[in-house]
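Coordinates from entry11.json are shown below (JSON, C-alpha atoms).
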```json
[["chain", "number", "residue", "atom", "x", "y", "z"],
["A", 471, "MET", "CA", 0.00, 0.00, 0.00],
["A", 472, "LYS", "CA", 2.87, 2.33, 0.80],
["A", 473, "SER", "CA", 4.41, 1.84, -2.65],
["A", 474, "VAL", "CA", 1.08, 2.69, -4.34],
["A", 475, "GLU", "CA", 0.99, 5.99, -2.43],
["A", 476, "LYS", "CA", 4.57, 6.74, -3.52],
["A", 477, "ILE", "CA", 3.62, 6.10, -7.16],
["A", 478, "GLN", "CA", 0.55, 8.33, -6.81],
["A", 479, "ASN", "CA", 2.76, 11.11, -5.46],
["A", 480, "LEU", "CA", 5.16, 10.71, -8.40],
["A", 481, "ILE", "CA", 2.49, 10.91, -11.14],
["A", 482, "PRO", "CA", 2.24, 14.76, -11.09],
["A", 483, "LEU", "CA", 6.05, 14.92, -11.27],
["A", 484, "GLY", "CA", 5.94, 12.57, -14.25],
["A", 485, "TYR", "CA", 3.48, 14.87, -16.05],
["A", 486, "LEU", "CA", 5.64, 17.88, -15.24],
["A", 487, "PHE", "CA", 8.69, 16.03, -16.57],
["A", 488, "LEU", "CA", 6.83, 15.16, -19.81],
["A", 489, "VAL", "CA", 5.80, 18.80, -20.23],
["A", 490, "ILE", "CA", 9.37, 20.04, -19.68],
["A", 491, "MET", "CA", 10.77, 17.48, -22.14],
["A", 492, "GLY", "CA", 8.11, 18.31, -24.73],
["A", 493, "ILE", "CA", 8.60, 22.06, -24.40],
["A", 494, "MET", "CA", 12.38, 21.75, -24.64],
["A", 495, "LYS", "CA", 12.43, 19.45, -27.65],
["A", 496, "GLU", "CA", 9.69, 21.20, -29.62],
["A", 497, "SER", "CA", 10.91, 24.73, -28.83],
["A", 498, "VAL", "CA", 14.49, 23.99, -29.82],
["A", 499, "PHE", "CA", 13.45, 22.17, -33.01],
["A", 500, "TYR", "CA", 11.00, 24.82, -34.23],
["A", 501, "TYR", "CA", 13.13, 27.78, -33.10],
["A", 502, "GLN", "CA", 15.65, 26.83, -35.78],
["A", 503, "LEU", "CA", 12.80, 27.07, -38.31],
["A", 504, "LYS", "CA", 11.82, 30.50, -36.91],
["A", 505, "ILE", "CA", 8.54, 29.28, -35.40],
["A", 506, "ASN", "CA", 7.38, 29.86, -31.83],
["A", 507, "ILE", "CA", 5.73, 26.45, -31.51],
["A", 508, "LEU", "CA", 4.13, 27.24, -28.16],
["A", 509, "LYS", "CA", 1.74, 29.59, -29.99],
["A", 510, "TYR", "CA", 0.57, 26.70, -32.16],
["A", 511, "SER", "CA", 0.45, 23.86, -29.62],
["A", 512, "THR", "CA", -1.94, 22.59, -27.01],
["A", 513, "ILE", "CA", -0.81, 21.10, -23.71],
["A", 514, "MET", "CA", -1.73, 17.67, -25.10],
["A", 515, "ASP", "CA", 0.61, 18.18, -28.08],
["A", 516, "ILE", "CA", 3.42, 18.97, -25.65],
["A", 517, "LEU", "CA", 2.63, 15.96, -23.41],
["A", 518, "ILE", "CA", 2.44, 13.51, -26.32],
["A", 519, "SER", "CA", 5.50, 14.88, -28.16],
["A", 520, "PRO", "CA", 8.20, 12.94, -26.22],
["A", 521, "ILE", "CA", 6.22, 9.71, -26.36],
["A", 522, "ALA", "CA", 5.52, 10.13, -30.08],
["A", 523, "ASP", "CA", 9.21, 10.81, -30.76],
["A", 524, "LEU", "CA", 10.30, 7.84, -28.70],
["A", 525, "THR", "CA", 7.97, 5.45, -30.51],
["A", 526, "SER", "CA", 8.51, 6.96, -33.99],
["A", 527, "THR", "CA", 11.31, 4.55, -34.88],
["A", 528, "PRO", "CA", 12.28, 1.23, -33.31],
["A", 529, "ILE", "CA", 15.93, 2.30, -32.99],
["A", 530, "LEU", "CA", 15.01, 5.17, -30.64],
["A", 531, "MET", "CA", 12.92, 2.85, -28.49],
["A", 532, "LEU", "CA", 15.69, 0.25, -28.39],
["A", 533, "GLY", "CA", 18.27, 2.94, -27.55],
["A", 534, "PHE", "CA", 16.10, 4.18, -24.70],
["A", 535, "ILE", "CA", 15.60, 0.66, -23.31],
["A", 536, "PHE", "CA", 19.34, -0.03, -23.68],
["A", 537, "PHE", "CA", 20.13, 3.18, -21.74],
["A", 538, "ILE", "CA", 17.86, 2.14, -18.86],
["A", 539, "ILE", "CA", 19.33, -1.38, -18.77],
["A", 540, "VAL", "CA", 22.90, -0.02, -18.68],
["A", 541, "ILE", "CA", 22.06, 2.29, -15.76],
["A", 542, "LEU", "CA", 20.38, -0.61, -13.91],
["A", 543, "LEU", "CA", 23.40, -2.86, -14.51],
["A", 544, "ILE", "CA", 25.79, -0.18, -13.23],
["A", 545, "LEU", "CA", 23.72, 0.27, -10.07],
["A", 546, "THR", "CA", 23.43, -3.49, -9.52],
["A", 547, "PHE", "CA", 27.19, -3.79, -9.91],
["A", 548, "ALA", "CA", 27.68, -0.91, -7.44],
["A", 549, "TYR", "CA", 25.33, -2.54, -4.92],
["A", 550, "HIS", "CA", 27.13, -5.89, -5.07],
["A", 551, "ASN", "CA", 30.56, -4.23, -4.84],
["A", 552, "ARG", "CA", 29.60, -1.64, -2.22],
["A", 553, "ASN", "CA", 32.62, -2.43, -0.02],
["A", 554, "LYS", "CA", 35.19, -1.44, -2.66],
["A", 555, "SER", "CA", 36.88, 1.91, -2.05],
["A", 556, "TRP", "CA", 36.18, 3.37, -5.49],
["A", 557, "ILE", "CA", 32.46, 2.54, -5.19],
["A", 558, "LYS", "CA", 32.40, 4.28, -1.79],
["A", 559, "LYS", "CA", 34.06, 7.31, -3.34],
["A", 560, "VAL", "CA", 31.76, 7.48, -6.40],
["A", 561, "PHE", "CA", 28.55, 7.08, -4.38],
["A", 562, "ASN", "CA", 29.79, 9.07, -1.38],
["A", 563, "ILE", "CA", 29.51, 6.21, 1.12],
["A", 564, "ASN", "CA", 31.31, 6.81, 4.40],
["A", 565, "GLU", "CA", 33.75, 4.27, 5.86],
["A", 566, "ASN", "CA", 31.18, 2.77, 8.22],
["A", 567, "GLY", "CA", 29.01, 1.94, 5.22],
["A", 568, "LEU", "CA", 25.26, 2.20, 4.94],
["A", 569, "SER", "CA", 22.51, -0.18, 5.83],
["A", 570, "ASN", "CA", 21.09, -2.13, 2.90],
["A", 571, "GLU", "CA", 17.93, -0.01, 2.89],
["A", 572, "ALA", "CA", 19.86, 3.28, 3.00],
["A", 573, "LEU", "CA", 22.14, 2.13, 0.18],
["A", 574, "LYS", "CA", 19.18, 1.01, -1.93],
["A", 575, "SER", "CA", 17.55, 4.39, -1.32],
["A", 576, "LYS", "CA", 20.73, 6.23, -2.33],
["A", 577, "LEU", "CA", 21.13, 4.11, -5.47],
["A", 578, "THR", "CA", 17.45, 4.61, -6.37],
["A", 579, "LYS", "CA", 17.88, 8.39, -6.15],
["A", 580, "PHE", "CA", 21.02, 8.14, -8.28],
["A", 581, "PHE", "CA", 19.09, 6.01, -10.80],
["A", 582, "LEU", "CA", 16.23, 8.53, -11.03],
["A", 583, "ILE", "CA", 18.62, 11.45, -11.46],
["A", 584, "ALA", "CA", 20.71, 9.60, -14.08],
["A", 585, "ILE", "CA", 17.62, 8.54, -16.03],
["A", 586, "SER", "CA", 16.10, 12.04, -15.84],
["A", 587, "LEU", "CA", 19.27, 13.77, -17.04],
["A", 588, "GLY", "CA", 19.78, 11.15, -19.74],
["A", 589, "ILE", "CA", 16.23, 11.51, -21.05],
["A", 590, "LEU", "CA", 16.36, 15.32, -20.96],
["A", 591, "SER", "CA", 19.68, 15.27, -22.83],
["A", 592, "PHE", "CA", 18.30, 12.75, -25.33],
["A", 593, "PHE", "CA", 15.27, 14.87, -26.21],
["A", 594, "LEU", "CA", 17.22, 18.13, -26.22],
["A", 595, "GLY", "CA", 19.67, 16.46, -28.63],
["A", 596, "LEU", "CA", 16.77, 15.31, -30.83],
["A", 597, "GLY", "CA", 15.45, 18.87, -30.95],
["A", 598, "ILE", "CA", 18.81, 20.46, -31.72],
["A", 599, "GLY", "CA", 19.89, 17.84, -34.26],
["A", 600, "GLY", "CA", 16.52, 17.56, -35.97],
["A", 601, "GLY", "CA", 16.11, 21.33, -36.20],
["A", 602, "MET", "CA", 19.63, 21.83, -37.58],
["A", 603, "LYS", "CA", 19.14, 19.08, -40.15],
["A", 604, "MET", "CA", 15.77, 20.48, -41.26],
["A", 605, "ALA", "CA", 17.05, 24.08, -41.43],
["A", 606, "LYS", "CA", 20.04, 22.94, -43.51],
["A", 607, "LYS", "CA", 17.80, 21.01, -45.92],
["A", 608, "ILE", "CA", 15.57, 24.06, -46.33],
["A", 609, "LYS", "CA", 18.53, 26.40, -46.86],
["A", 610, "GLU", "CA", 20.17, 24.09, -49.43],
["A", 611, "ASN", "CA", 16.79, 23.25, -51.04],
["A", 612, "LYS", "CA", 17.30, 19.49, -50.64],
["A", 613, "LEU", "CA", 13.67, 18.68, -49.88],
["A", 614, "VAL", "CA", 11.51, 16.23, -51.80],
["A", 615, "TYR", "CA", 7.96, 17.53, -52.13],
["A", 616, "LYS", "CA", 6.12, 14.21, -52.28],
["A", 617, "GLN", "CA", 3.12, 14.84, -50.04],
["A", 618, "LYS", "CA", -0.07, 16.38, -51.46],
["A", 619, "LEU", "CA", -2.36, 18.65, -49.49],
["A", 620, "THR", "CA", -5.90, 19.20, -50.70],
["A", 621, "PHE", "CA", -7.43, 22.28, -49.15],
["A", 622, "THR", "CA", -11.13, 22.68, -48.41],
["A", 623, "THR", "CA", -11.25, 25.14, -51.34],
["A", 624, "GLY", "CA", -10.41, 22.22, -53.67],
["A", 625, "GLU", "CA", -6.89, 23.48, -54.43],
["A", 626, "THR", "CA", -4.16, 20.79, -54.34],
["A", 627, "GLU", "CA", -0.51, 21.50, -53.67],
["A", 628, "ASN", "CA", 2.66, 19.40, -53.51],
["A", 629, "VAL", "CA", 4.38, 20.00, -50.18],
["A", 630, "PHE", "CA", 7.12, 18.82, -47.89],
["A", 631, "LEU", "CA", 5.33, 18.10, -44.62],
["A", 632, "ILE", "CA", 7.57, 19.00, -41.66],
["A", 633, "ASP", "CA", 5.17, 17.99, -38.93],
["A", 634, "ALA", "CA", 1.61, 18.22, -37.69],
["A", 635, "ASN", "CA", 0.00, 18.55, -34.31],
["A", 636, "SER", "CA", -3.61, 18.49, -33.17],
["A", 637, "ALA", "CA", -4.40, 21.90, -34.70],
["A", 638, "TYR", "CA", -1.88, 22.70, -37.48],
["A", 639, "TYR", "CA", 0.14, 21.35, -40.38],
["A", 640, "PHE", "CA", 3.67, 22.73, -40.85],
["A", 641, "TYR", "CA", 4.90, 22.44, -44.43],
["A", 642, "LEU", "CA", 6.95, 23.94, -47.25],
["A", 643, "THR", "CA", 6.04, 24.41, -50.89],
["A", 644, "PRO", "CA", 8.46, 24.30, -53.84],
["A", 645, "LYS", "CA", 7.84, 28.03, -54.45],
["A", 646, "SER", "CA", 8.89, 29.22, -51.00],
["A", 647, "LYS", "CA", 11.61, 28.55, -48.43],
["A", 648, "SER", "CA", 9.36, 29.88, -45.66],
["A", 649, "VAL", "CA", 7.53, 27.42, -43.46],
["A", 650, "GLN", "CA", 3.79, 27.63, -43.95],
["A", 651, "ILE", "CA", 1.27, 26.81, -41.27],
["A", 652, "ALA", "CA", -2.26, 25.70, -42.06],
["A", 653, "PRO", "CA", -5.00, 24.90, -39.57],
["A", 654, "ILE", "CA", -6.23, 21.31, -39.70],
["A", 655, "GLY", "CA", -9.71, 22.57, -40.62],
["A", 656, "ALA", "CA", -8.37, 24.14, -43.84],
["A", 657, "ILE", "CA", -7.11, 20.79, -45.13],
["A", 658, "LYS", "CA", -9.55, 18.40, -46.75],
["A", 659, "ASN", "CA", -7.07, 15.53, -47.06],
["A", 660, "ILE", "CA", -3.39, 14.73, -47.28],
["A", 661, "VAL", "CA", -1.67, 12.13, -49.43],
["A", 662, "LEU", "CA", 1.54, 10.74, -47.93],
["A", 663, "ASN", "CA", 3.99, 9.03, -50.27]]
```

Starting from the coordinates I provided, produce the structure as structure tokens.
Amino acid sequence: MKSVEKIQNLIPLGYLFLVIMGIMKESVFYYQLKINILKYSTIMDILISPIADLTSTPILMLGFIFFIIVILLILTFAYHNRNKSWIKKVFNINENGLSNEALKSKLTKFFLIAISLGILSFFLGLGIGGGMKMAKKIKENKLVYKQKLTFTTGETENVFLIDANSAYYFYLTPKSKSVQIAPIGAIKNIVLN
């Protein structure tokens, strides 16, 4: 029962963490395209963004799982070798040692901090790298305009679709290097190739 209460207390922190990750990644990515994405996003877009990015390709998901496993293996190794001097120095364990419960608590805090920093760095890196890559492609005109947007007016246009959220499509046309933003309601359908 006590562990359920701990989990319930951590849920709001988890939501806050998702919001921070989403804001960081999206803001950094779209800033490089000269868009203030927070003006065009809902809180749900921000919450879902990290999860959508993580599940977008299997390699990202596998990398994330591998990262967690490596951290767990390091902590398990540290727990089993807690009497070694270098482990005591790294985890700041005094000479008298810690009880098993205190050591587990200390290692759990270390795990949570390591995972949090790793995930924040991961998503910040995705935002920086993805934004730089997209901005470079736009600048060098190396985009392939293979998606087709049909507007509610009946007009059809070939576009390069950058992204979409719950309210807007972000795209480029062959005629312009400026990112165009269209509300979802203005689009009748989209053909993805």

Under the rule of at most 12 Å, produce a per-residue listing of range 579-651 of chain A near range 554-562 of chain A: chain, number, name, the closest pair of atoms, and the distance in Å, as JSON lines, using all atoms listed in the file.
```
{"residue": "A:Lys579", "atom": "CA", "partner": "A:Phe561", "partner_atom": "CA", "distance": 10.9}
{"residue": "A:Phe580", "atom": "CA", "partner": "A:Phe561", "partner_atom": "CA", "distance": 8.5}
{"residue": "A:Phe581", "atom": "CA", "partner": "A:Phe561", "partner_atom": "CA", "distance": 11.5}
```

May I have a table of the residues of range 566-607 of chain A lying at most 12 Å from range 527-540 of chain A, giving each one's closest pair of atoms and their distance in Å to one decimal, counting all atoms listed in the file, ordered by chain and ascending residue number, as a Markdown table?
```
| residue | atom | partner | partner_atom | distance |
| --- | --- | --- | --- | --- |
| A:Phe581 | CA | A:Ile538 | CA | 9.0 |
| A:Leu582 | CA | A:Ile538 | CA | 10.2 |
| A:Ile583 | CA | A:Ile538 | CA | 11.9 |
| A:Ala584 | CA | A:Ile538 | CA | 9.3 |
| A:Ile585 | CA | A:Ile538 | CA | 7.0 |
| A:Ser586 | CA | A:Ile538 | CA | 10.5 |
| A:Leu587 | CA | A:Phe537 | CA | 11.6 |
| A:Gly588 | CA | A:Phe537 | CA | 8.2 |
| A:Ile589 | CA | A:Phe534 | CA | 8.2 |
| A:Leu590 | CA | A:Phe534 | CA | 11.8 |
| A:Ser591 | CA | A:Phe534 | CA | 11.8 |
| A:Phe592 | CA | A:Phe534 | CA | 8.9 |
| A:Phe593 | CA | A:Leu530 | CA | 10.7 |
| A:Leu596 | CA | A:Leu530 | CA | 10.3 |
```

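Comparing A:Ser646, A:Ile651, A:Tyr485, A:Ala572 by their smallest distance to Leu631 in chain A, the closest is A:Ile651 (using only C-alpha atoms).
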
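Considering only C-alpha atoms, the residue among A:Ile598, A:Ile660, A:Lys607, A:Thr546 positioned nearest to Leu577 in chain A is A:Thr546.
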
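Residues in contact range of Glu625 in chain A, defined as at most 12 Å between all atoms listed in the file, with sequence neighbours fewer than 3 positions away removed, read Lys618, Leu619, Thr620, Phe621, Thr622, Asn628, Ala656, Ile657, Lys658, Asn659 and Ile660 of chain A.
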
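In this model, the gap between CA of Ile654 in chain A and CA of Tyr510 in chain A comes to 11.5 Å.
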
*asked:* Using only C-alpha atoms - which residues lie no farther than 12 Å from the point (10.8, 28.2, -34.7) in the file's frame? Write them as a ChimeraX atom specification.
replied: /A:495-510,597-598,601-602,604-605,632,640,648-651

_Neighbour list for Thr512 in chain A as a PyMOL selection string, cut-off 9 Å, all atoms listed in the file, skip fewer than 4 positions in-chain_ = chain A and resi 508+516-517+635-637

_Which residue is closest to Pro653 in chain A? Choose from A:Ser526, A:Tyr549, A:Ser511, A:Ile490 and count all atoms listed in the file._
A:Ser511

*Do you have the CA of Ile541 in chain A-CA of Ala522 in chain A distance handy?*
23.2 Å

*asked:* Please compute the CA of Lys647 in chain A-CA of Ser519 in chain A distance, one decimal, in Å.
replied: 25.2 Å

If you take every atom of range 628-643 of chain A that the file lists and fit an axis-aligned box around them with 8 Å extra on each side, what centre and edge lengths come out in Å to one decimal, as AutoDock Vina command-line options?
```
--center_x 1.6 --center_y 21.2 --center_z -43.3 --size_x 28.0 --size_y 22.4 --size_z 36.3
```

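Using only C-alpha atoms, the shortest contact distance between Leu594 in chain A and any of A:Lys574, A:Leu543, A:Met514, A:Met491 is found at A:Met491.
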
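Shortest separation to Asp523 in chain A among A:Lys576, A:Ile544, A:Glu571, A:Asp633 occurs at residue A:Asp633, atoms counted being all atoms listed in the file.
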
Output: range 620-660 of chain A of the preceding structure, restricted to C-alpha atoms, written as an mmCIF file, in the first residue's frame.
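Result saved to selection00.cif:
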```cif
data_model
loop_
_atom_site.group_PDB
_atom_site.id
_atom_site.type_symbol
_atom_site.label_atom_id
_atom_site.label_comp_id
_atom_site.auth_asym_id
_atom_site.auth_seq_id
_atom_site.Cartn_x
_atom_site.Cartn_y
_atom_site.Cartn_z
ATOM 1 C CA THR A 620 -5.900 19.201 -50.700
ATOM 2 C CA PHE A 621 -7.428 22.281 -49.146
ATOM 3 C CA THR A 622 -11.129 22.685 -48.408
ATOM 4 C CA THR A 623 -11.250 25.141 -51.336
ATOM 5 C CA GLY A 624 -10.415 22.225 -53.670
ATOM 6 C CA GLU A 625 -6.892 23.478 -54.434
ATOM 7 C CA THR A 626 -4.163 20.792 -54.343
ATOM 8 C CA GLU A 627 -0.507 21.497 -53.671
ATOM 9 C CA ASN A 628 2.662 19.396 -53.513
ATOM 10 C CA VAL A 629 4.376 20.004 -50.178
ATOM 11 C CA PHE A 630 7.124 18.824 -47.887
ATOM 12 C CA LEU A 631 5.328 18.100 -44.617
ATOM 13 C CA ILE A 632 7.567 18.996 -41.665
ATOM 14 C CA ASP A 633 5.166 17.994 -38.931
ATOM 15 C CA ALA A 634 1.609 18.217 -37.690
ATOM 16 C CA ASN A 635 0.000 18.553 -34.313
ATOM 17 C CA SER A 636 -3.610 18.491 -33.169
ATOM 18 C CA ALA A 637 -4.396 21.901 -34.696
ATOM 19 C CA TYR A 638 -1.881 22.703 -37.477
ATOM 20 C CA TYR A 639 0.139 21.347 -40.378
ATOM 21 C CA PHE A 640 3.670 22.729 -40.853
ATOM 22 C CA TYR A 641 4.895 22.443 -44.426
ATOM 23 C CA LEU A 642 6.950 23.938 -47.245
ATOM 24 C CA THR A 643 6.038 24.408 -50.891
ATOM 25 C CA PRO A 644 8.459 24.296 -53.842
ATOM 26 C CA LYS A 645 7.836 28.027 -54.448
ATOM 27 C CA SER A 646 8.893 29.219 -50.999
ATOM 28 C CA LYS A 647 11.607 28.551 -48.426
ATOM 29 C CA SER A 648 9.364 29.879 -45.662
ATOM 30 C CA VAL A 649 7.525 27.420 -43.464
ATOM 31 C CA GLN A 650 3.787 27.630 -43.955
ATOM 32 C CA ILE A 651 1.272 26.806 -41.267
ATOM 33 C CA ALA A 652 -2.262 25.698 -42.062
ATOM 34 C CA PRO A 653 -4.999 24.900 -39.567
ATOM 35 C CA ILE A 654 -6.227 21.306 -39.700
ATOM 36 C CA GLY A 655 -9.714 22.566 -40.624
ATOM 37 C CA ALA A 656 -8.374 24.145 -43.841
ATOM 38 C CA ILE A 657 -7.111 20.786 -45.130
ATOM 39 C CA LYS A 658 -9.550 18.404 -46.750
ATOM 40 C CA ASN A 659 -7.075 15.526 -47.061
ATOM 41 C CA ILE A 660 -3.386 14.735 -47.283
#
```
